[in-house]
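Asker: Supplied structure: my_file05.pdb, PDB, C-alpha atoms.
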ATOM      1  CA  MET A   1     113.380 105.909 119.406
ATOM      2  CA  VAL A   2     109.771 106.926 120.019
ATOM      3  CA  ARG A   3     107.015 104.986 118.315
ATOM      4  CA  LEU A   4     103.983 107.006 119.209
ATOM      5  CA  LEU A   5     101.853 106.403 116.136
ATOM      6  CA  GLN A   6     102.715 102.737 115.736
ATOM      7  CA  ASN A   7     101.983 101.875 119.354
ATOM      8  CA  ALA A   8      98.723 103.797 119.469
ATOM      9  CA  LEU A   9      97.547 102.386 116.137
ATOM     10  CA  MET A  10      98.409  98.837 117.120
ATOM     11  CA  ASP A  11      96.417  99.129 120.356
ATOM     12  CA  ILE A  12      93.332 100.688 118.789
ATOM     13  CA  CYS A  13      93.248  98.112 115.973
ATOM     14  CA  GLU A  14      93.508  95.292 118.485
ATOM     15  CA  PHE A  15      90.852  96.900 120.704
ATOM     16  CA  LEU A  16      88.386  97.146 117.812
ATOM     17  CA  HIS A  17      89.169  93.719 116.336
ATOM     18  CA  ARG A  18      88.569  92.106 119.741
ATOM     19  CA  ARG A  19      85.153  93.730 119.929
ATOM     20  CA  GLN A  20      84.402  92.762 116.334
ATOM     21  CA  ILE A  21      83.759  96.345 115.312
ATOM     22  CA  ASP A  22      84.383  96.953 111.632
ATOM     23  CA  PHE A  23      86.366 100.076 110.878
ATOM     24  CA  ALA A  24      88.657 101.699 108.329
ATOM     25  CA  LEU A  25      91.634 104.016 108.477
ATOM     26  CA  VAL A  26      90.961 107.455 107.075
ATOM     27  CA  GLY A  27      92.736 110.810 107.299
ATOM     28  CA  GLY A  28      96.498 111.183 107.176
ATOM     29  CA  ILE A  29      97.402 107.517 107.632
ATOM     30  CA  ALA A  30      95.120 106.357 104.815
ATOM     31  CA  ALA A  31      96.518 109.115 102.602
ATOM     32  CA  SER A  32     100.100 108.133 103.345
ATOM     33  CA  LEU A  33      99.378 104.486 102.476
ATOM     34  CA  ARG A  34      98.296 105.737  99.046
ATOM     35  CA  GLY A  35     101.568 107.635  98.711
ATOM     36  CA  ARG A  36     100.201 111.063  99.619
ATOM     37  CA  MET A  37     101.991 112.407 102.660
ATOM     38  CA  ARG A  38     100.268 115.063 104.706
ATOM     39  CA  THR A  39     100.381 116.312 108.249
ATOM     40  CA  THR A  40      97.957 114.986 110.788
ATOM     41  CA  ASP A  41      97.505 115.469 114.507
ATOM     42  CA  ASP A  42      95.387 112.435 115.312
ATOM     43  CA  ILE A  43      94.675 108.894 114.261
ATOM     44  CA  ASP A  44      91.447 109.038 112.262
ATOM     45  CA  LEU A  45      89.167 106.036 111.914
ATOM     46  CA  VAL A  46      85.608 105.531 110.799
ATOM     47  CA  LEU A  47      83.627 102.886 112.694
ATOM     48  CA  MET A  48      80.713 100.798 111.542
ATOM     49  CA  THR A  49      78.608 101.469 114.586
ATOM     50  CA  ASP A  50      75.893 103.803 115.843
ATOM     51  CA  VAL A  51      75.715 106.245 118.741
ATOM     52  CA  ASN A  52      74.757 103.554 121.267
ATOM     53  CA  GLY A  53      77.533 101.275 120.020
ATOM     54  CA  ALA A  54      80.085 104.072 120.412
ATOM     55  CA  LEU A  55      78.865 104.868 123.918
ATOM     56  CA  LYS A  56      79.081 101.182 124.854
ATOM     57  CA  LEU A  57      82.639 101.155 123.533
ATOM     58  CA  ALA A  58      83.535 104.228 125.591
ATOM     59  CA  ARG A  59      82.245 102.580 128.754
ATOM     60  CA  GLU A  60      84.309  99.437 128.114
ATOM     61  CA  ILE A  61      87.691 101.108 127.986
ATOM     62  CA  ASP A  62      88.576 101.044 131.670
ATOM     63  CA  ALA A  63      90.987  98.120 131.355
ATOM     64  CA  THR A  64      92.519  99.375 128.118
ATOM     65  CA  PRO A  65      95.256 101.926 127.316
ATOM     66  CA  PHE A  66      92.558 104.406 126.226
ATOM     67  CA  GLN A  67      90.454 107.003 127.943
ATOM     68  CA  PRO A  68      87.846 109.456 126.646
ATOM     69  CA  LEU A  69      89.472 112.736 125.690
ATOM     70  CA  PHE A  70      86.633 114.746 127.244
ATOM     71  CA  PRO A  71      84.699 114.128 130.452
ATOM     72  CA  GLU A  72      81.519 115.039 128.543
ATOM     73  CA  PHE A  73      82.232 112.410 125.869
ATOM     74  CA  GLU A  74      78.605 111.257 125.795
ATOM     75  CA  LYS A  75      77.388 114.668 124.644
ATOM     76  CA  VAL A  76      80.123 114.805 121.978
ATOM     77  CA  VAL A  77      79.170 111.353 120.687
ATOM     78  CA  ARG A  78      75.490 112.274 120.504
ATOM     79  CA  THR A  79      75.899 115.667 118.878
ATOM     80  CA  ALA A  80      79.049 115.365 116.762
ATOM     81  CA  TYR A  81      79.157 111.598 116.075
ATOM     82  CA  ILE A  82      82.761 111.498 117.253
ATOM     83  CA  LEU A  83      84.265 109.340 119.954
ATOM     84  CA  ALA A  84      87.452 111.169 120.902
ATOM     85  CA  LEU A  85      89.971 109.026 122.770
ATOM     86  CA  GLU A  86      93.465 109.432 124.110
ATOM     87  CA  HIS A  87      95.993 106.608 124.054
ATOM     88  CA  GLN A  88      97.447 107.099 127.516
ATOM     89  CA  PRO A  89     100.947 105.598 127.069
ATOM     90  CA  THR A  90     101.701 107.833 124.079
ATOM     91  CA  ARG A  91      99.142 110.650 124.608
ATOM     92  CA  VAL A  92      98.192 110.316 120.950
ATOM     93  CA  THR A  93      94.591 111.365 120.297
ATOM     94  CA  LEU A  94      92.188 109.327 118.215
ATOM     95  CA  ASP A  95      89.198 110.558 116.264
ATOM     96  CA  LEU A  96      86.745 107.684 115.927
ATOM     97  CA  ALA A  97      83.973 108.866 113.630
ATOM     98  CA  ILE A  98      80.655 107.084 113.848
ATOM     99  CA  GLY A  99      79.904 105.961 110.311
ATOM    100  CA  ALA A 100      76.334 107.176 110.096
ATOM    101  CA  SER A 101      76.116 108.017 106.410
ATOM    102  CA  GLY A 102      75.790 105.531 103.583
ATOM    103  CA  PHE A 103      79.088 106.747 102.194
ATOM    104  CA  GLU A 104      80.961 106.061 105.429
ATOM    105  CA  GLN A 105      79.370 102.637 105.727
ATOM    106  CA  GLN A 106      80.447 101.883 102.180
ATOM    107  CA  ILE A 107      84.032 102.853 103.003
ATOM    108  CA  VAL A 108      84.100 100.392 105.893
ATOM    109  CA  SER A 109      82.282  97.570 104.117
ATOM    110  CA  ARG A 110      84.638  97.676 101.118
ATOM    111  CA  ALA A 111      87.868  98.219 103.055
ATOM    112  CA  GLN A 112      90.508  95.492 103.138
ATOM    113  CA  LEU A 113      92.549  94.021 105.939
ATOM    114  CA  VAL A 114      96.246  94.806 105.578
ATOM    115  CA  ASN A 115      99.283  93.929 107.618
ATOM    116  CA  ILE A 116     101.386  97.045 108.024
ATOM    117  CA  ALA A 117     104.554  96.605 110.025
ATOM    118  CA  GLY A 118     102.848  93.922 112.126
ATOM    119  CA  ILE A 119      99.667  95.943 112.650
ATOM    120  CA  ILE A 120      96.489  94.379 111.274
ATOM    121  CA  ALA A 121      94.717  97.471 109.993
ATOM    122  CA  VAL A 122      91.936  98.126 107.498
ATOM    123  CA  GLN A 123      92.644 100.153 104.382
ATOM    124  CA  PRO A 124      89.832 101.772 102.368
ATOM    125  CA  ASP A 125      89.286 100.813  98.754
ATOM    126  CA  ALA A 126      91.224 103.127  96.378
ATOM    127  CA  ILE A 127      88.080 104.674  94.862
ATOM    128  CA  ASP A 128      86.413 105.224  98.235
ATOM    129  CA  TRP A 129      89.581 106.802  99.541
ATOM    130  CA  THR A 130      89.736 109.135  96.537
ATOM    131  CA  HIS A 131      86.142 110.223  97.181
ATOM    132  CA  CYS A 132      86.949 110.680 100.853
ATOM    133  CA  GLU A 133      89.890 112.945 100.040
ATOM    134  CA  SER A 134      87.791 114.895  97.587
ATOM    135  CA  VAL A 135      85.055 115.492 100.168
ATOM    136  CA  ALA A 136      87.654 116.489 102.773
ATOM    137  CA  GLY A 137      89.210 118.936 100.310
ATOM    138  CA  GLN A 138      85.853 120.502  99.514
ATOM    139  CA  LEU A 139      85.045 120.706 103.198
ATOM    140  CA  GLU A 140      88.288 122.525 103.820
ATOM    141  CA  GLN A 141      87.407 125.032 101.115
ATOM    142  CA  ALA A 142      83.927 125.386 102.571
ATOM    143  CA  MET A 143      85.408 126.087 106.002
ATOM    144  CA  GLN A 144      87.669 128.747 104.560
ATOM    145  CA  MET A 145      84.706 130.387 102.867
ATOM    146  CA  ASP A 146      82.403 129.802 105.834
ATOM    147  CA  LEU A 147      80.035 127.934 103.524
ATOM    148  CA  VAL A 148      78.981 125.511 106.227
ATOM    149  CA  LYS A 149      77.401 128.369 108.185
ATOM    150  CA  VAL A 150      75.777 129.718 105.036
ATOM    151  CA  VAL A 151      74.178 126.340 104.283
ATOM    152  CA  ARG A 152      73.006 126.110 107.882
ATOM    153  CA  GLN A 153      71.405 129.553 107.750
ATOM    154  CA  LEU A 154      69.690 128.751 104.468
ATOM    155  CA  GLN A 155      68.230 125.593 105.971
ATOM    156  CA  GLU A 156      66.916 127.444 108.971
ATOM    157  CA  ARG A 157      64.872 129.801 106.766
TER
ATOM    158  CA  MET B   1     100.569  79.662  54.139
ATOM    159  CA  THR B   2     101.877  78.570  57.496
ATOM    160  CA  PHE B   3     100.951  79.704  60.932
ATOM    161  CA  ALA B   4     103.295  82.031  62.752
ATOM    162  CA  PRO B   5     106.029  80.085  64.526
ATOM    163  CA  ARG B   6     105.067  79.132  68.049
ATOM    164  CA  HIS B   7     107.185  80.362  70.846
ATOM    165  CA  ASP B   8     109.289  77.633  72.369
ATOM    166  CA  TRP B   9     108.366  78.060  76.014
ATOM    167  CA  ASN B  10     110.349  75.038  77.089
ATOM    168  CA  ALA B  11     113.535  76.570  75.743
ATOM    169  CA  TYR B  12     112.621  79.884  77.342
ATOM    170  CA  ASN B  13     111.912  78.285  80.731
ATOM    171  CA  ASP B  14     115.167  76.341  80.596
ATOM    172  CA  ALA B  15     117.053  79.528  79.839
ATOM    173  CA  VAL B  16     115.573  81.598  82.666
ATOM    174  CA  ARG B  17     115.099  78.909  85.320
ATOM    175  CA  GLY B  18     118.289  79.728  87.188
ATOM    176  CA  HIS B  19     117.581  83.432  87.040
ATOM    177  CA  VAL B  20     114.006  83.069  88.360
ATOM    178  CA  ALA B  21     115.219  80.844  91.175
ATOM    179  CA  ARG B  22     117.780  83.472  92.164
ATOM    180  CA  ILE B  23     115.076  86.181  92.224
ATOM    181  CA  GLU B  24     112.782  83.981  94.319
ATOM    182  CA  ARG B  25     115.560  83.192  96.773
ATOM    183  CA  ALA B  26     116.449  86.864  97.079
ATOM    184  CA  GLY B  27     112.803  87.814  97.605
ATOM    185  CA  SER B  28     112.247  85.244 100.290
ATOM    186  CA  THR B  29     115.205  86.397 102.354
ATOM    187  CA  SER B  30     114.882  90.126 101.763
ATOM    188  CA  ASP B  31     114.168  92.180 104.853
ATOM    189  CA  GLU B  32     113.195  95.285 102.884
ATOM    190  CA  PRO B  33     109.775  96.647 103.841
ATOM    191  CA  THR B  34     106.953  96.377 101.351
ATOM    192  CA  ARG B  35     105.762  99.534  99.586
ATOM    193  CA  LEU B  36     102.802  99.817 101.956
ATOM    194  CA  GLU B  37     104.957  99.298 105.005
ATOM    195  CA  ALA B  38     107.560 101.783 103.805
ATOM    196  CA  ALA B  39     104.857 104.404 103.223
ATOM    197  CA  PHE B  40     103.417 103.812 106.673
ATOM    198  CA  LEU B  41     106.779 103.915 108.448
ATOM    199  CA  ARG B  42     107.634 107.182 106.700
ATOM    200  CA  HIS B  43     104.334 108.666 107.832
ATOM    201  CA  ALA B  44     104.788 107.317 111.378
ATOM    202  CA  ASN B  45     108.240 108.840 111.577
ATOM    203  CA  TYR B  46     106.893 112.181 110.363
ATOM    204  CA  PHE B  47     103.982 112.040 112.817
ATOM    205  CA  ASP B  48     106.216 111.183 115.784
ATOM    206  CA  THR B  49     108.701 113.920 114.964
ATOM    207  CA  LEU B  50     105.953 116.534 114.784
ATOM    208  CA  GLN B  51     104.320 115.346 117.989
ATOM    209  CA  VAL B  52     107.561 115.409 119.958
ATOM    210  CA  ALA B  53     108.518 118.815 118.555
ATOM    211  CA  ARG B  54     105.110 120.279 119.378
ATOM    212  CA  ARG B  55     105.214 118.968 122.932
ATOM    213  CA  ASP B  56     108.737 120.329 123.444
ATOM    214  CA  LEU B  57     107.822 123.734 122.071
ATOM    215  CA  LEU B  58     104.649 124.042 124.116
ATOM    216  CA  GLN B  59     106.470 123.037 127.275
ATOM    217  CA  ASP B  60     108.761 126.010 126.838
ATOM    218  CA  SER B  61     105.987 128.468 126.073
ATOM    219  CA  ALA B  62     103.331 130.106 128.227
ATOM    220  CA  SER B  63     100.682 127.877 126.655
ATOM    221  CA  ASN B  64     100.498 124.154 127.263
ATOM    222  CA  VAL B  65      99.770 120.951 125.405
ATOM    223  CA  GLY B  66      96.315 120.567 126.961
ATOM    224  CA  GLU B  67      95.108 124.009 125.885
ATOM    225  CA  ASP B  68      96.481 123.612 122.380
ATOM    226  CA  ARG B  69      94.770 120.278 121.978
ATOM    227  CA  LEU B  70      91.501 121.494 123.447
ATOM    228  CA  SER B  71      91.397 124.413 121.043
ATOM    229  CA  ARG B  72      92.057 122.165 118.045
ATOM    230  CA  TRP B  73      89.423 119.641 119.099
ATOM    231  CA  SER B  74      86.840 122.312 119.849
ATOM    232  CA  LYS B  75      87.029 123.451 116.226
ATOM    233  CA  LYS B  76      86.872 119.885 114.987
ATOM    234  CA  ILE B  77      83.824 119.046 117.089
ATOM    235  CA  ALA B  78      82.026 122.271 116.197
ATOM    236  CA  LEU B  79      82.426 121.480 112.507
ATOM    237  CA  ARG B  80      81.212 117.911 112.959
ATOM    238  CA  GLN B  81      78.184 119.145 114.904
ATOM    239  CA  GLU B  82      77.296 121.453 112.017
ATOM    240  CA  LEU B  83      77.647 118.607 109.538
ATOM    241  CA  VAL B  84      75.566 116.227 111.651
ATOM    242  CA  THR B  85      72.809 118.827 111.949
ATOM    243  CA  ILE B  86      72.818 119.375 108.195
ATOM    244  CA  TYR B  87      72.893 115.619 107.593
ATOM    245  CA  ARG B  88      69.939 115.015 109.903
ATOM    246  CA  SER B  89      67.916 117.718 108.190
ATOM    247  CA  MET B  90      68.341 116.083 104.776
ATOM    248  CA  GLY B  91      65.961 113.524 103.365
ATOM    249  CA  PRO B  92      66.709 109.997 102.162
ATOM    250  CA  SER B  93      68.764 111.483  99.316
ATOM    251  CA  ARG B  94      71.581 112.173 101.788
ATOM    252  CA  ASP B  95      73.095 108.742 101.192
ATOM    253  CA  GLY B  96      73.305 109.221  97.445
TER
END
Represent the structure of the file as structure tokens.
Answerer:
Amino acid sequence: MVRLLQNALMDICEFLHRRQIDFALVGGIAASLRGRMRTTDDIDLVLMTDVNGALKLAREIDATPFQPLFPEFEKVVRTAYILALEHQPTRVTLDLAIGASGFEQQIVSRAQLVNIAGIIAVQPDAIDWTHCESVAGQLEQAMQMDLVKVVRQLQER
Amino acid sequence: MTFAPRHDWNAYNDAVRGHVARIERAGSTSDEPTRLEAAFLRHANYFDTLQVARRDLLQDSASNVGEDRLSRWSKKIALRQELVTIYRSMGPSRDG
């Protein structure tokens, strides 16, 4: 029996706990813990760190089961605030978002440690998670309507 | 006028003591997953099944896993870059 998600999640949680980096589960896993199943391709986390902290983390992963998903990871971290990793034993990809906004920092600061099937993870507060889902839903709508580009063009005027 | 009769908790506790003890014993030896754990394991099973199926399908097709993943991540990163640019251009009100 394959245990791709469990193995990858256990390793990333341990990796972050060891480095004392606060984080929270978001995306499909957080939704499923609240009883809302949905498909997901990656493990999504938000980290309480900044760009330099994320780059430091990326440079410390040589002796771990992880590797950067892209050779140009530094550029991706600086421009998109994402540290994209691959868990080599399972080839599961991980989207580690740098929690730059006040909202993301609030999610992490109010999240709670939980033991899920032997994995010490961090679950967002119910209200924060609801807001997170709402924002993600609106973002999805915006993508469908290309609103993000419209906002960008308006700002450039 | 008298007060309403007080509930006799001692009698109640005596009556249910055996039952509560049975529930506690059952709970302490149960190997059923908690609600949280059950939800996670269901999601993990779903995730693993989809991942394995996708890898199998892409192996048989002209495309490959690497290209599929790259395309998906390119979209994801492009969107995040847009959002970061918008976020940076906002004032202090951006954090609510």
Asker: Counting all atoms listed in the file, which residues of chain A come no farther than 8 Å from chain B, as a PyMOL selection string?
Answerer: chain A and resi 2-6+29+32-35+37+39-41+76+79-82+101-103+116-117+148-149+152
Asker: I'd like the interatomic distance between atom CA of A:Gln67 and atom CA of A:Val92, to a tenth of an Å.
Answerer: 10.9 Å
Asker: Take atom CA of A:Gln138 and atom CA of A:Asp44 and report the distance between them in Å, one decimal.
Answerer: 18.0 Å
Asker: As an exercise, work out the distance from atom CA of A:Ile21 to atom CA of A:Leu57 in Å and give it to one decimal place.
Answerer: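 About the pair atom CA of A:Ile21 and atom CA of A:Leu57: they are 9.6 Å apart.
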Asker: Dump as a PDB file with C-alpha atoms, in the coordinates of the input all residues having an atom at most 8 Å from (95.9, 104.5, 128.2), computed in the file's coordinates with only C-alpha atoms.
Answerer:
ATOM      1  CA  THR A  64      92.519  99.375 128.118  1.00  0.00           C
ATOM      2  CA  PRO A  65      95.256 101.926 127.316  1.00  0.00           C
ATOM      3  CA  PHE A  66      92.558 104.406 126.226  1.00  0.00           C
ATOM      4  CA  GLN A  67      90.454 107.003 127.943  1.00  0.00           C
ATOM      5  CA  GLU A  86      93.465 109.432 124.110  1.00  0.00           C
ATOM      6  CA  HIS A  87      95.993 106.608 124.054  1.00  0.00           C
ATOM      7  CA  GLN A  88      97.447 107.099 127.516  1.00  0.00           C
ATOM      8  CA  PRO A  89     100.947 105.598 127.069  1.00  0.00           C
ATOM      9  CA  THR A  90     101.701 107.833 124.079  1.00  0.00           C
ATOM     10  CA  ARG A  91      99.142 110.650 124.608  1.00  0.00           C
TER      11      ARG A  91
END
